[in-house]
Amino acid sequence: MKALSLRNLRKTYNNGFEALKGIDLDVEAGDFFALLGPNGAGKSSAIGIISSLVNPTSGSVSVFGHNLKTEREKAKSCIGLVPQEINFNQFDTVKAIVFNQAGYYGMPRKLALQRTEYCLKQMDLWDKRDSVSRRLSGGMKRRVMIARAMVHAPKLLILDEPTAGVDIEIRRAMWKLMKEVNEQGTTIILTTHYLEEAESLCRNIAIIDQGKIVENTDMASLLARLNLDHFVLDLAESVTAMPHLQGYHVEQISGKVLNVAVPKEAGLNQLFNQLSAQNIKVMSMKNKTNRLEQLFMDLIESKPVSANP
Amino acid sequence: MNHLIAFKTIVRKEIYRFLRIWPQTLLPPAITTALYFLIFGKLMGDRIGTINGATYMDYIVPGIILMSVISHAYSNVVSSFYSTKFQRNIEELLVAPVPNWVILAGYVSGGIARGLLVGVVVALISQIFTDIPVNNAMIAVSSAILTATVFALAGFINATLAESFDDISLIPNFVLTPLSYLGGVFYSVDMLPGIWQKISLGNPILYMINSFRYGLIGITDIDVQLAFAMTGGFILLLTLTSLILLHKGIGIKN
Ligand SMILES: Nc1ncnc2c1ncn2[C@@H]1O[C@H](COP(=O)(O)OP(=O)(O)OP(=O)(O)O)[C@@H](O)[C@H]1O
Ligand SMILES: [Mg+2]
């Protein structure tokens, strides 16, 4: 069963800007899916179309087999959306926001109250239920939107940068929650600019750039494609000349810091053997860049830069 | 899909909204109309005498009640729906399985509720100054409801098309208020010179005020059936326009 299926989805905004240039995408039910791409790539435009906030120019969307055009209400009932920007009434209380949303989904009052309480507790917002939402912090507002999106227990949860501007403790809590929700069977589509977040949470991934899908695969095989690992070595003592290390590419950052590119098949043993042989003592070592970040940059940079923002 | 629950949710939210800000929504019409009754009805009315057999006070009470219904039904929907659009919480409705006609019915019902509640408040205040004998309650109540519906719908269309806060005060100030005053709140069209009588007949509010006045005090310048037919026609026209705007997503979708 496909949770989401996009076919040749196009969007040209009224000002003539073509934000989506024919997108095809499938997300399997139960997946934890990352939709990545640089600013302005078209992620939110695609999400807007899927969640009925933006009219597509052409193409089709189907959600759990329900075509968005012909079975709109059924398709909508399957989706919970956490939009990129705050969009609730800032004068309403936290509880009213979540409870009213349950009502819009046709949930009877008693059940709606139960679900509201459950979702607010999950988001650690139950204490704030009677606060006017305008007075919440940015991170809390974001959690209100997550609680609101989950109140009708959607089968497909779409989160457009839910962790932007959220502190690390709460971000961790959100990751845990998203994992749990996914394990309980909810399909999740996540957009984020924190690539390590996508790497650790998501099983499948699509990268979109300038309105086109430039990569769509599973996380493991994407990462396997990386054939170089970059490490930063901190040395005990300064080296004056750059050490020669057979089979590795070395770059000297400062007297005591080296950058080493390690080919996948080479491994690290040879590197340390050679360092020991040259009497270079390594105090510590860390992975230089996030692996996904490296791939991401390669994919995006290989594209010509368009004149459009 | 349970649309009734969605409808009730919108209406309840709308009613809470204007009750919560009652010093802005219910108090001002109470004060303004009390002054109208005092100044026009009491102080000046005693010198004006009677119109078509009614005291001037009794003559203006229905018009002033209905004028309040009109302006509050309109302004409730225009300000509420515009701010829903402006704050983007309209998106909460757009993502949910709520058909457009339920959105429209919900907001319009909120406007009708506010219009009628203000109408009742003004009617109660009028009782301080005079004792209105209700001629035909059915006609009075139904014309008040239909009138509130017309202007709640008009407010909805205004909010949909509005792009700034200026746009939502333009119509009330430059169209609604003048048309209400010229719709025979304070006078009978029979008192106007010939040509102005004809021009007045192009004013929809004239029909509504007269049928409501007939319901309360049994006096009208216009055939009441014609008035109902016109009001019904407006409701149909405005409902269709609103649904087309919503369907095309004008003002609310990209
Ligand atoms: N209403 C609009 N009218 C015109 N152009 C728009 C509109 N909304 C978005 N765009 C343009 O469409 C492109 C894609 O925008 P979109 O919001 O989908 O990007 P995104 O991938 O979500 O970016 P970000 O990571 O910054 O959120 C951008 O160039 C943007 O300027
Ligand atoms: Mg975006």
# chains A, B, ... in the order shown; residues from 1 in each chain; ligands from 1
>>> interface_residues(of="chain A", to="chain B", cutoff="8 Å", atoms="only C-alpha atoms", output="PyMOL selection string")
chain A and resi 13-14+51-55+72-74+76-77+81+87-90+100-101+103-108
>>> write_last_selection(atoms="N, CA and C atoms", output="PDB file, in the first residue's frame")
ATOM      1  N   TYR A  13       3.275  29.298  -9.873  1.00  0.00           N
ATOM      2  CA  TYR A  13       2.553  30.304  -9.094  1.00  0.00           C
ATOM      3  C   TYR A  13       2.047  31.417 -10.007  1.00  0.00           C
ATOM      4  N   ASN A  14       1.138  32.216  -9.459  1.00  0.00           N
ATOM      5  CA  ASN A  14       0.504  33.274 -10.262  1.00  0.00           C
ATOM      6  C   ASN A  14       1.509  34.231 -10.883  1.00  0.00           C
ATOM      7  N   SER A  51      -1.581  18.677   0.964  1.00  0.00           N
ATOM      8  CA  SER A  51      -2.512  18.935   2.067  1.00  0.00           C
ATOM      9  C   SER A  51      -3.600  19.935   1.695  1.00  0.00           C
ATOM     10  N   SER A  52      -3.828  20.143   0.388  1.00  0.00           N
ATOM     11  CA  SER A  52      -4.941  20.968  -0.104  1.00  0.00           C
ATOM     12  C   SER A  52      -4.822  22.454   0.198  1.00  0.00           C
ATOM     13  N   LEU A  53      -3.638  22.944   0.514  1.00  0.00           N
ATOM     14  CA  LEU A  53      -3.495  24.373   0.769  1.00  0.00           C
ATOM     15  C   LEU A  53      -3.117  25.128  -0.495  1.00  0.00           C
ATOM     16  N   VAL A  54      -2.585  24.401  -1.457  1.00  0.00           N
ATOM     17  CA  VAL A  54      -2.133  25.002  -2.706  1.00  0.00           C
ATOM     18  C   VAL A  54      -2.778  24.220  -3.844  1.00  0.00           C
ATOM     19  N   ASN A  55      -3.319  24.931  -4.813  1.00  0.00           N
ATOM     20  CA  ASN A  55      -3.882  24.234  -5.972  1.00  0.00           C
ATOM     21  C   ASN A  55      -2.765  23.830  -6.925  1.00  0.00           C
ATOM     22  N   ARG A  72     -11.577  13.714  -2.252  1.00  0.00           N
ATOM     23  CA  ARG A  72     -10.858  14.694  -1.459  1.00  0.00           C
ATOM     24  C   ARG A  72     -11.030  14.505   0.051  1.00  0.00           C
ATOM     25  N   GLU A  73     -12.276  14.298   0.485  1.00  0.00           N
ATOM     26  CA  GLU A  73     -12.482  14.223   1.935  1.00  0.00           C
ATOM     27  C   GLU A  73     -11.818  12.997   2.548  1.00  0.00           C
ATOM     28  N   LYS A  74     -11.893  11.880   1.842  1.00  0.00           N
ATOM     29  CA  LYS A  74     -11.232  10.672   2.353  1.00  0.00           C
ATOM     30  C   LYS A  74      -9.728  10.872   2.417  1.00  0.00           C
ATOM     31  N   LYS A  76      -8.128  13.706   2.663  1.00  0.00           N
ATOM     32  CA  LYS A  76      -7.796  14.674   3.712  1.00  0.00           C
ATOM     33  C   LYS A  76      -7.810  14.047   5.108  1.00  0.00           C
ATOM     34  N   SER A  77      -8.766  13.141   5.342  1.00  0.00           N
ATOM     35  CA  SER A  77      -8.878  12.532   6.665  1.00  0.00           C
ATOM     36  C   SER A  77      -7.638  11.734   7.039  1.00  0.00           C
ATOM     37  N   LEU A  81      -1.067  17.582   9.174  1.00  0.00           N
ATOM     38  CA  LEU A  81      -0.021  18.478   8.668  1.00  0.00           C
ATOM     39  C   LEU A  81       0.544  19.367   9.768  1.00  0.00           C
ATOM     40  N   ASN A  87       0.489  28.899  12.130  1.00  0.00           N
ATOM     41  CA  ASN A  87      -0.743  29.305  11.449  1.00  0.00           C
ATOM     42  C   ASN A  87      -1.994  29.101  12.281  1.00  0.00           C
ATOM     43  N   PHE A  88      -1.823  29.115  13.625  1.00  0.00           N
ATOM     44  CA  PHE A  88      -3.063  29.033  14.416  1.00  0.00           C
ATOM     45  C   PHE A  88      -3.460  30.431  14.870  1.00  0.00           C
ATOM     46  N   ASN A  89      -4.667  30.540  15.396  1.00  0.00           N
ATOM     47  CA  ASN A  89      -5.135  31.822  15.898  1.00  0.00           C
ATOM     48  C   ASN A  89      -4.390  32.142  17.188  1.00  0.00           C
ATOM     49  N   GLN A  90      -3.638  33.223  17.161  1.00  0.00           N
ATOM     50  CA  GLN A  90      -2.759  33.542  18.291  1.00  0.00           C
ATOM     51  C   GLN A  90      -3.552  33.976  19.531  1.00  0.00           C
ATOM     52  N   ASN A 100     -10.632  22.310  18.595  1.00  0.00           N
ATOM     53  CA  ASN A 100     -11.389  22.717  17.404  1.00  0.00           C
ATOM     54  C   ASN A 100     -10.953  21.932  16.168  1.00  0.00           C
ATOM     55  N   GLN A 101      -9.656  21.659  16.077  1.00  0.00           N
ATOM     56  CA  GLN A 101      -9.197  20.914  14.916  1.00  0.00           C
ATOM     57  C   GLN A 101      -9.845  19.523  14.893  1.00  0.00           C
ATOM     58  N   GLY A 103     -12.720  18.853  15.974  1.00  0.00           N
ATOM     59  CA  GLY A 103     -14.079  19.098  15.503  1.00  0.00           C
ATOM     60  C   GLY A 103     -14.143  19.216  13.990  1.00  0.00           C
ATOM     61  N   TYR A 104     -13.160  19.885  13.410  1.00  0.00           N
ATOM     62  CA  TYR A 104     -13.154  20.028  11.943  1.00  0.00           C
ATOM     63  C   TYR A 104     -13.047  18.663  11.265  1.00  0.00           C
ATOM     64  N   TYR A 105     -12.385  17.733  11.953  1.00  0.00           N
ATOM     65  CA  TYR A 105     -12.279  16.383  11.393  1.00  0.00           C
ATOM     66  C   TYR A 105     -13.501  15.534  11.730  1.00  0.00           C
ATOM     67  N   GLY A 106     -14.497  16.160  12.354  1.00  0.00           N
ATOM     68  CA  GLY A 106     -15.758  15.467  12.606  1.00  0.00           C
ATOM     69  C   GLY A 106     -15.734  14.571  13.826  1.00  0.00           C
ATOM     70  N   MET A 107     -14.818  14.827  14.747  1.00  0.00           N
ATOM     71  CA  MET A 107     -14.710  13.948  15.914  1.00  0.00           C
ATOM     72  C   MET A 107     -15.724  14.351  16.983  1.00  0.00           C
ATOM     73  N   PRO A 108     -16.495  13.397  17.502  1.00  0.00           N
ATOM     74  CA  PRO A 108     -17.462  13.739  18.542  1.00  0.00           C
ATOM     75  C   PRO A 108     -16.770  14.332  19.777  1.00  0.00           C
TER      76      PRO A 108
END
>>> residues_around(residues="B:Ile222", least_positions_apart="2", cutoff="10 Å", atoms="only C-alpha atoms", output="JSON, numbers by chain")
{"B": [189, 201, 206, 207, 208, 209, 210, 211, 214, 219, 220, 224, 225, 226, 227]}
>>> closest_atom_pairs(of="chain A", to="ligand 2", cutoff="8 Å", atoms="only C-alpha atoms and all ligand atoms", output="CSV")
residue,atom,partner,partner_atom_place_in_ligand_line,distance
A:Asn39,CA,ligand 2,1 (Mg),6.9
A:Gly40,CA,ligand 2,1 (Mg),6.8
A:Ala41,CA,ligand 2,1 (Mg),8.0
A:Gly42,CA,ligand 2,1 (Mg),6.9
A:Lys43,CA,ligand 2,1 (Mg),5.4
A:Ser44,CA,ligand 2,1 (Mg),4.0
A:Ser45,CA,ligand 2,1 (Mg),7.2
A:Gln84,CA,ligand 2,1 (Mg),6.1
A:Asp160,CA,ligand 2,1 (Mg),6.6
A:Glu161,CA,ligand 2,1 (Mg),7.4
>>> residues_around(residues="stretch 104-119 of chain B", least_positions_apart="5", cutoff="8 Å", atoms="only C-alpha atoms", output="VMD selection string")
chain B and resid 7 to 8 10 to 12 14 to 15 18 26 29 to 30 65 to 66 68 to 77 81 144 to 145 148 to 149 152 to 153 156 242 to 243
>>> residues_around(residues="stretch 142-159 of chain A", least_positions_apart="4", cutoff="6 Å", atoms="only C-alpha atoms", output="count of residues only")
16
>>> closest_residue(among="A:Asp229, A:Glu85, A:Glu293, A:Asp92", to="A:Arg134", atoms="only C-alpha atoms")
A:Asp92
